[in-house]
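This is structure.txt. It holds compact mmCIF, C-alpha atoms.
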```
# COMPACT_ATOMS: atom_id res chain seq x y z
CA MET A 168 21.94 20.69 8.69
CA ARG A 169 24.75 22.61 6.95
CA GLU A 170 24.94 20.10 4.10
CA GLN A 171 21.17 20.07 3.70
CA LEU A 172 21.07 23.86 3.49
CA LYS A 173 23.82 23.83 0.86
CA ARG A 174 21.85 21.36 -1.25
CA GLU A 175 18.64 23.36 -0.94
CA TRP A 176 20.39 26.62 -1.84
CA ALA A 177 22.01 24.99 -4.87
CA GLU A 178 18.54 24.01 -6.09
CA VAL A 179 17.20 27.53 -5.53
CA ARG A 180 20.02 28.98 -7.62
CA LYS A 181 18.93 26.78 -10.54
CA THR A 182 15.51 28.45 -10.61
CA ARG A 183 14.81 30.16 -13.90
CA GLN A 184 12.98 33.44 -14.12
CA PHE A 185 12.90 33.81 -17.90
CA GLY A 186 12.41 31.56 -20.91
CA LEU A 187 10.75 28.16 -20.60
CA VAL A 188 10.03 27.68 -16.90
CA PHE A 189 8.94 24.34 -15.45
CA ASP A 190 9.56 22.38 -12.30
CA ARG A 191 12.54 20.02 -12.42
CA HIS A 192 10.78 17.12 -10.75
CA LEU A 193 12.32 14.57 -8.46
CA PRO A 194 14.93 12.48 -10.29
CA GLU A 195 13.42 9.80 -12.45
CA LEU A 196 13.67 6.32 -11.07
CA VAL A 197 14.53 3.09 -12.83
CA PRO A 198 13.72 -0.41 -11.49
CA LEU A 199 16.41 -3.09 -11.68
CA PRO A 200 14.38 -6.32 -11.65
CA LYS A 201 17.36 -8.67 -11.98
CA VAL A 202 19.35 -7.20 -9.09
CA THR A 203 19.11 -8.87 -5.68
CA PRO A 204 18.58 -6.31 -2.89
CA ARG A 205 21.55 -5.83 -0.58
CA ARG A 206 22.25 -3.80 2.50
CA GLY A 207 22.06 -0.07 1.72
CA ASP A 208 19.97 -0.44 -1.45
CA LEU A 209 16.84 1.61 -2.06
CA VAL A 210 13.95 -0.73 -2.82
CA ALA A 211 10.23 -0.59 -3.57
CA LYS A 212 7.54 -3.19 -3.15
CA LYS A 213 6.81 -5.00 -6.40
CA GLY A 214 3.62 -3.63 -7.92
CA ALA A 215 3.77 -0.43 -5.86
CA SER A 216 4.92 3.02 -6.92
CA LEU A 217 8.68 3.40 -7.33
CA THR A 218 8.47 6.62 -5.30
CA ASP A 219 7.33 4.57 -2.27
CA ARG A 220 10.90 3.61 -1.38
CA TRP A 221 12.62 1.94 1.55
CA ARG A 222 16.28 1.50 2.54
CA VAL A 223 17.54 -2.03 3.21
CA ARG A 224 19.13 -2.11 6.68
CA ARG A 225 20.03 -5.80 6.71
CA VAL A 226 19.22 -9.07 4.95
CA ARG A 227 18.77 -12.31 6.86
CA ASP A 228 17.35 -15.68 5.78
CA GLY A 229 15.77 -14.25 2.63
CA VAL A 230 14.08 -11.39 4.47
CA ALA A 231 15.04 -7.72 4.20
CA GLU A 232 14.71 -5.39 7.16
CA CYS A 233 13.77 -2.03 5.59
CA VAL A 234 13.47 1.49 6.99
CA ARG A 235 12.13 4.71 5.54
CA PRO A 236 14.96 6.92 4.22
CA GLU A 237 15.82 10.24 5.85
CA GLY A 238 13.88 13.19 4.53
CA THR A 239 10.59 11.29 4.15
CA ALA A 240 7.49 12.03 6.19
CA ASP A 241 7.74 8.78 8.20
CA ALA A 242 11.55 8.51 8.27
CA GLY A 243 12.74 5.69 10.48
CA ALA A 244 9.61 3.55 10.09
CA ARG A 245 10.56 -0.14 9.83
CA PHE A 246 9.13 -3.11 7.95
CA ASP A 247 10.30 -6.60 6.97
CA TRP A 248 9.67 -8.09 3.52
CA PRO A 249 10.79 -11.22 1.70
CA LEU A 250 13.45 -10.41 -0.90
CA ALA A 251 11.19 -11.87 -3.58
CA ASP A 252 8.67 -9.07 -2.92
CA LEU A 253 11.16 -6.23 -3.45
CA ILE A 254 12.75 -4.53 -6.44
CA VAL A 255 15.92 -2.43 -6.39
CA VAL A 256 15.44 1.19 -7.47
CA ARG A 257 18.07 3.61 -8.75
CA GLN A 258 17.82 7.34 -9.30
CA PHE A 259 18.97 8.83 -12.60
CA GLY A 260 22.57 9.83 -12.12
CA GLU A 261 23.46 6.88 -9.90
CA PRO A 262 25.82 4.38 -11.57
CA ILE A 263 24.03 1.32 -12.93
CA PHE A 264 26.69 0.24 -15.50
CA PRO A 265 24.36 -0.41 -18.43
CA ALA A 266 25.47 -2.86 -21.11
CA LEU A 267 24.01 -4.30 -24.31
CA THR A 268 23.23 -8.03 -24.33
CA PRO A 269 22.72 -9.66 -27.77
CA MET A 270 19.33 -11.36 -27.91
CA ASP A 271 18.86 -12.51 -31.51
CA GLN A 272 19.70 -11.56 -35.09
CA VAL A 273 18.32 -11.81 -38.60
CA GLN A 274 20.66 -11.55 -41.59
CA ASN A 275 19.15 -11.19 -45.07
CA GLY A 276 22.11 -9.74 -46.95
CA PRO A 277 25.88 -9.70 -47.21
CA ALA A 278 27.85 -8.98 -44.05
CA ASP A 279 29.39 -5.81 -45.54
CA ALA A 280 25.99 -4.28 -46.40
CA PRO A 281 24.31 -1.62 -44.22
CA TRP A 282 22.66 -3.14 -41.16
CA HIS A 283 20.19 -2.14 -38.49
CA CYS A 284 20.21 -2.67 -34.74
CA LEU A 285 17.16 -2.66 -32.44
CA ILE A 286 17.88 -1.76 -28.81
CA GLU A 287 15.20 -2.55 -26.23
CA ALA A 288 15.81 -0.36 -23.19
CA ASP A 289 14.73 2.73 -21.31
CA ASN A 290 15.41 5.43 -23.90
CA TYR A 291 17.39 7.56 -21.44
CA HIS A 292 19.88 4.82 -20.60
CA ALA A 293 20.11 3.65 -24.20
CA LEU A 294 21.04 7.19 -25.30
CA GLN A 295 23.49 7.48 -22.41
CA LEU A 296 25.18 4.22 -23.37
CA LEU A 297 25.40 5.12 -27.07
CA GLY A 298 27.02 8.42 -26.11
CA TYR A 299 30.16 6.61 -24.96
CA LEU A 300 30.85 5.33 -28.47
CA TYR A 301 28.99 7.60 -30.89
CA ALA A 302 29.07 11.13 -29.45
CA GLY A 303 28.96 13.62 -32.34
CA GLN A 304 28.69 10.88 -34.98
CA VAL A 305 24.93 10.51 -35.52
CA ASP A 306 23.49 12.22 -38.63
CA CYS A 307 19.78 11.86 -37.88
CA ILE A 308 17.63 11.17 -34.83
CA TYR A 309 13.89 10.61 -35.18
CA ILE A 310 11.87 10.56 -31.96
CA ASP A 311 8.20 9.81 -31.38
CA PRO A 312 7.71 10.86 -27.74
CA PRO A 313 4.56 10.28 -25.68
CA TYR A 314 1.97 12.82 -26.76
CA ASN A 315 0.76 13.38 -23.19
CA THR A 316 -2.90 13.42 -24.17
CA GLY A 317 -4.05 12.86 -20.60
CA ALA A 318 -5.28 9.37 -21.50
CA ARG A 319 -2.71 7.43 -19.42
CA ASP A 320 -0.47 6.92 -22.43
CA TRP A 321 2.85 7.24 -20.59
CA LYS A 322 4.44 6.84 -17.17
CA TYR A 323 6.64 9.03 -15.00
CA ASN A 324 8.45 7.11 -12.25
CA ASN A 325 6.36 4.06 -13.14
CA ASP A 326 3.06 5.86 -12.46
CA TYR A 327 0.64 6.71 -15.25
CA VAL A 328 0.27 10.45 -15.88
CA ASP A 329 -3.34 11.20 -16.74
CA GLY A 330 -5.48 14.27 -17.26
CA ASN A 331 -6.12 14.62 -13.52
CA ASP A 332 -2.44 15.30 -12.79
CA ALA A 333 -2.03 19.07 -12.44
CA TRP A 334 1.72 18.68 -13.06
CA ARG A 335 1.50 16.52 -16.18
CA HIS A 336 2.92 19.13 -18.57
CA SER A 337 5.75 19.96 -16.18
CA LYS A 338 6.56 16.26 -15.73
CA TRP A 339 6.54 15.81 -19.50
CA LEU A 340 9.00 18.66 -19.98
CA SER A 341 11.28 17.34 -17.25
CA PHE A 342 11.11 13.89 -18.86
CA MET A 343 11.87 15.21 -22.34
CA GLU A 344 14.64 17.65 -21.39
CA LYS A 345 16.92 14.89 -20.06
CA ARG A 346 16.58 12.83 -23.23
CA LEU A 347 16.92 15.69 -25.69
CA ARG A 348 20.15 16.84 -24.04
CA LEU A 349 21.57 13.34 -24.49
CA ALA A 350 20.36 13.33 -28.11
CA ARG A 351 22.22 16.58 -28.75
CA ILE A 352 25.46 14.96 -27.54
CA LEU A 353 25.00 12.16 -30.08
CA LEU A 354 24.24 14.40 -33.08
CA ASN A 355 26.89 15.48 -35.54
CA GLN A 356 27.07 19.22 -34.83
CA ARG A 357 27.82 20.06 -38.47
CA ARG A 358 25.25 18.03 -40.38
CA GLY A 359 22.96 16.50 -37.74
CA VAL A 360 19.15 16.60 -37.90
CA LEU A 361 16.67 15.88 -35.10
CA ILE A 362 13.03 15.17 -36.02
CA ALA A 363 10.31 15.03 -33.37
CA THR A 364 6.69 14.16 -34.06
CA ILE A 365 4.00 15.54 -31.77
CA ASP A 366 0.35 16.57 -31.67
CA ARG A 367 -1.41 19.64 -30.31
CA ASN A 368 -1.14 18.64 -26.62
CA GLU A 369 2.57 19.42 -26.30
CA LEU A 370 3.39 21.11 -29.60
CA HIS A 371 4.14 24.55 -28.18
CA HIS A 372 5.96 23.25 -25.10
CA LEU A 373 8.14 21.02 -27.29
CA GLY A 374 8.91 23.90 -29.65
CA MET A 375 10.11 26.07 -26.76
CA LEU A 376 12.14 23.21 -25.28
CA LEU A 377 13.87 22.55 -28.60
CA ALA A 378 14.61 26.26 -28.95
CA ASP A 379 16.26 26.12 -25.53
CA ILE A 380 18.34 22.98 -26.19
CA PHE A 381 19.12 23.65 -29.87
CA PRO A 382 19.32 27.47 -29.93
CA ASP A 383 21.69 27.53 -32.91
CA SER A 384 19.59 25.21 -35.09
CA ASN A 385 17.24 26.04 -37.94
CA ARG A 386 13.88 24.77 -36.70
CA GLN A 387 10.95 24.14 -39.01
CA LEU A 388 7.43 22.87 -38.36
CA VAL A 389 5.78 20.49 -40.83
CA SER A 390 2.09 19.55 -40.75
CA ILE A 391 1.28 15.87 -41.35
CA CYS A 392 -2.22 14.95 -42.48
CA ILE A 393 -3.20 11.77 -40.61
CA ASN A 394 -6.98 11.92 -40.84
CA PRO A 395 -8.34 13.57 -44.01
CA SER A 396 -11.93 13.35 -42.77
CA GLY A 397 -11.02 15.19 -39.56
CA SER A 398 -11.58 14.37 -35.90
CA SER A 399 -14.88 15.22 -34.26
CA GLY A 400 -16.02 16.17 -30.79
CA GLU A 401 -13.29 18.77 -30.15
CA GLY A 402 -14.75 21.92 -31.67
CA LEU A 403 -12.85 22.61 -34.88
CA SER A 404 -12.14 19.43 -36.80
CA ARG A 405 -8.43 18.52 -36.92
CA VAL A 406 -6.75 16.50 -39.62
CA GLU A 407 -3.08 16.83 -38.68
CA GLU A 408 -0.19 16.10 -36.37
CA TYR A 409 3.23 17.75 -36.61
CA ALA A 410 6.92 17.13 -37.07
CA ILE A 411 9.53 19.59 -35.83
CA PHE A 412 12.85 19.51 -37.69
CA CYS A 413 16.02 20.84 -36.07
CA PHE A 414 18.75 21.33 -38.68
CA LEU A 415 22.18 21.85 -37.11
CA SER A 416 24.84 24.11 -38.62
CA ASP A 417 24.90 23.95 -42.43
CA THR A 418 22.28 21.16 -42.78
CA GLU A 419 19.28 21.92 -44.97
CA PRO A 420 16.46 19.99 -46.68
CA CYS A 421 17.29 18.16 -49.88
CA PHE A 422 14.68 18.81 -52.54
CA VAL A 423 13.98 15.92 -54.92
CA ALA A 424 11.52 15.48 -57.77
CA ASP A 425 8.71 12.97 -57.60
CA ASP A 426 10.48 11.01 -60.34
CA MET A 427 13.07 9.97 -57.77
CA LEU A 428 10.46 8.74 -55.25
CA LEU A 429 7.69 7.01 -57.19
CA PRO A 430 7.60 3.70 -59.11
CA GLN A 431 8.00 4.02 -62.86
CA SER A 432 4.24 3.56 -63.44
CA GLU A 433 3.39 6.48 -61.12
CA LYS A 434 6.07 9.01 -61.99
CA ARG A 435 5.05 12.62 -62.35
CA SER A 436 7.12 15.70 -63.00
CA SER A 437 4.84 18.47 -61.86
CA HIS A 438 5.44 18.26 -58.08
CA ILE A 439 8.43 18.72 -55.85
CA ARG A 440 8.62 17.23 -52.37
CA TRP A 441 11.28 16.72 -49.68
```
Since I need it in another form, could you write the structure as structure tokens?
Amino acid sequence: MREQLKREWAEVRKTRQFGLVFDRHLPELVPLPKVTPRRGDLVAKKGASLTDRWRVRRVRDGVAECVRPEGTADAGARFDWPLADLIVVRQFGEPIFPALTPMDQVQNGPADAPWHCLIEADNYHALQLLGYLYAGQVDCIYIDPPYNTGARDWKYNNDYVDGNDAWRHSKWLSFMEKRLRLARILLNQRRGVLIATIDRNELHHLGMLLADIFPDSNRQLVSICINPSGSSGEGLSRVEEYAIFCFLSDTEPCFVADDMLLPQSEKRSSHIRW
């Protein structure tokens, strides 16, 4: 009881009364499909919600005896499942020892030329892993987060968040905050730039979140025309999405003439863009 009260009080003390206020939701969960469940592991039934978790009490003859963890409504309830029907679940913050496994490569130039690397992973764990080697060394990060339109375009804890979820904006902020704080660790604090694209659904929330995480940056909003004819059925017709630029320290836009961007046949000198 004493330890539980200490944990609860620690959470209460984190409550914000000013600035951007949102609920820090239950820790995000990550499935580990290639890990065999063992005694003590938290598991979920394959195909079910990751939040519907069980604790493995023992494993015998390919069958796991599982019980509901303490603190749940039906704590102590017991059920047996074949190991093949279960998937191990970890909470963010628990050690999972991520590593990069080479899958394939394409080489079209000399070995000493600039090269690109594609990492397929949960973006949180990929950023966390890169932080071990490249903290403070990244010049530019471009992110294209879920727009949270309410049309089941993203998941939180493996469940789709749709327009019927009263907490969808709060979940989105909780989701984004973790990743943006890792991105800040990676950025070069003198010349780093973070660019985030977004539409109207989370534009203002994202702007406030970036102001909270990058308070010393120069933040600028750029409109991007994506549909010149405009969208219909939403009142005023909209033609744009947005990009928010966060320039750290002494970083600033580099202005270049069209002559440096266009092919020779299309060069003009009357416009400046960046």
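Between Gly238 in chain A and the candidates A:Met168, A:Val389, A:Ile380, A:Cys307, the tightest atom-to-atom separation, counting only C-alpha atoms, involves A:Met168.
Distance-wise, CA of Ala410 in chain A and CA of Ala363 in chain A end up 5.4 Å apart.
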With the cut-off set at 12 Å and counting all atoms listed in the file, tabulate each residue of range 333-367 of chain A with an atom at most that distance from an atom of range 257-266 of chain A, showing the nearest atom pair and its distance in Å to one decimal, ordered by chain and increasing number, as a Markdown table.
```
| residue | atom | partner | partner_atom | distance |
| --- | --- | --- | --- | --- |
| A:Phe342 | CA | A:Phe259 | CA | 11.3 |
| A:Lys345 | CA | A:Phe259 | CA | 9.8 |
| A:Arg346 | CA | A:Phe259 | CA | 11.6 |
```
Let's have the selection written as a compact mmCIF listing (two decimals), in the frame of the given file, with C-alpha atoms.
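The resulting file, out30.txt, is shown below:
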```
# COMPACT_ATOMS: atom_id res chain seq x y z
CA PHE A 342 11.11 13.89 -18.86
CA LYS A 345 16.92 14.89 -20.06
CA ARG A 346 16.58 12.83 -23.23
```
Gap from CA of His192 in chain A to CA of Val223 in chain A - Å, one decimal:
24.6 Å
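Across the structure, CA of Tyr323 in chain A and CA of Arg235 in chain A are spaced 21.7 Å apart.
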Box centre and edge lengths (Å, one decimal), axis-aligned, range 244-250 of chain A plus 4 Å each side, as lines of an AutoDock Vina configuration file:
```
center_x = 11.3
center_y = -3.8
center_z = 4.6
size_x = 12.3
size_y = 22.8
size_z = 19.0
```
Considering all atoms listed in the file, return as a compact mmCIF listing (two decimals) with C-alpha atoms, keeping the file's coordinate frame whatever protein or nucleic-acid residues lie within 12 Å of Arg206 in chain A, sequence-local ones (same chain, fewer than 5 positions apart) excluded.
```txt
# COMPACT_ATOMS: atom_id res chain seq x y z
CA TRP A 221 12.62 1.94 1.55
CA ARG A 222 16.28 1.50 2.54
CA VAL A 223 17.54 -2.03 3.21
CA ARG A 224 19.13 -2.11 6.68
CA ARG A 225 20.03 -5.80 6.71
CA VAL A 226 19.22 -9.07 4.95
CA ARG A 227 18.77 -12.31 6.86
CA VAL A 230 14.08 -11.39 4.47
CA ALA A 231 15.04 -7.72 4.20
CA GLU A 232 14.71 -5.39 7.16
CA CYS A 233 13.77 -2.03 5.59
CA VAL A 234 13.47 1.49 6.99
CA LEU A 250 13.45 -10.41 -0.90
CA VAL A 255 15.92 -2.43 -6.39
```
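Ranking A:Leu340, A:Glu195, A:Ala350, A:Thr316 by their shortest atom-to-atom distance to Gly298 in chain A, with all atoms listed in the file included, puts A:Ala350 first.
Shortest separation to Arg348 in chain A among A:Leu361, A:Gln171, A:Glu287, A:Asn325 occurs at residue A:Leu361, atoms counted being all atoms listed in the file.
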Asp252 in chain A surroundings by all atoms listed in the file, 9 Å radius, close-in-sequence under 2 positions cut, as a PDB file with C-alpha atoms, in the frame of the given file:
```pdb
ATOM      1  CA  ALA A 211      10.230  -0.590  -3.570  1.00  0.00           C
ATOM      2  CA  LYS A 212       7.540  -3.190  -3.150  1.00  0.00           C
ATOM      3  CA  LYS A 213       6.810  -5.000  -6.400  1.00  0.00           C
ATOM      4  CA  GLY A 214       3.620  -3.630  -7.920  1.00  0.00           C
ATOM      5  CA  TRP A 248       9.670  -8.090   3.520  1.00  0.00           C
ATOM      6  CA  PRO A 249      10.790 -11.220   1.700  1.00  0.00           C
ATOM      7  CA  LEU A 250      13.450 -10.410  -0.900  1.00  0.00           C
ATOM      8  CA  ILE A 254      12.750  -4.530  -6.440  1.00  0.00           C
TER       9      ILE A 254
END
```
Set the distance at 12 Å and use only C-alpha atoms: which residues neighbour Leu285 in chain A once local chain neighbours fewer than 2 positions away are removed? I'd like the list as a CSV table (one decimal) with C-alpha atoms, in the frame of the given file.
```
chain,number,residue,atom,x,y,z
A,267,LEU,CA,24.0,-4.3,-24.3
A,268,THR,CA,23.2,-8.0,-24.3
A,269,PRO,CA,22.7,-9.7,-27.8
A,270,MET,CA,19.3,-11.4,-27.9
A,271,ASP,CA,18.9,-12.5,-31.5
A,272,GLN,CA,19.7,-11.6,-35.1
A,273,VAL,CA,18.3,-11.8,-38.6
A,282,TRP,CA,22.7,-3.1,-41.2
A,283,HIS,CA,20.2,-2.1,-38.5
A,287,GLU,CA,15.2,-2.6,-26.2
A,288,ALA,CA,15.8,-0.4,-23.2
A,290,ASN,CA,15.4,5.4,-23.9
A,293,ALA,CA,20.1,3.6,-24.2
```
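Between Gln295 in chain A and the residues A:Leu353, A:Met375, A:Met343, A:Leu253, the shortest atom-to-atom distance, using all atoms listed in the file, involves A:Leu353.
The smallest atom-to-atom distance between Thr203 in chain A and any of A:Ala251, A:Val406, A:Val188, A:Leu300, using only C-alpha atoms, is found for A:Ala251.
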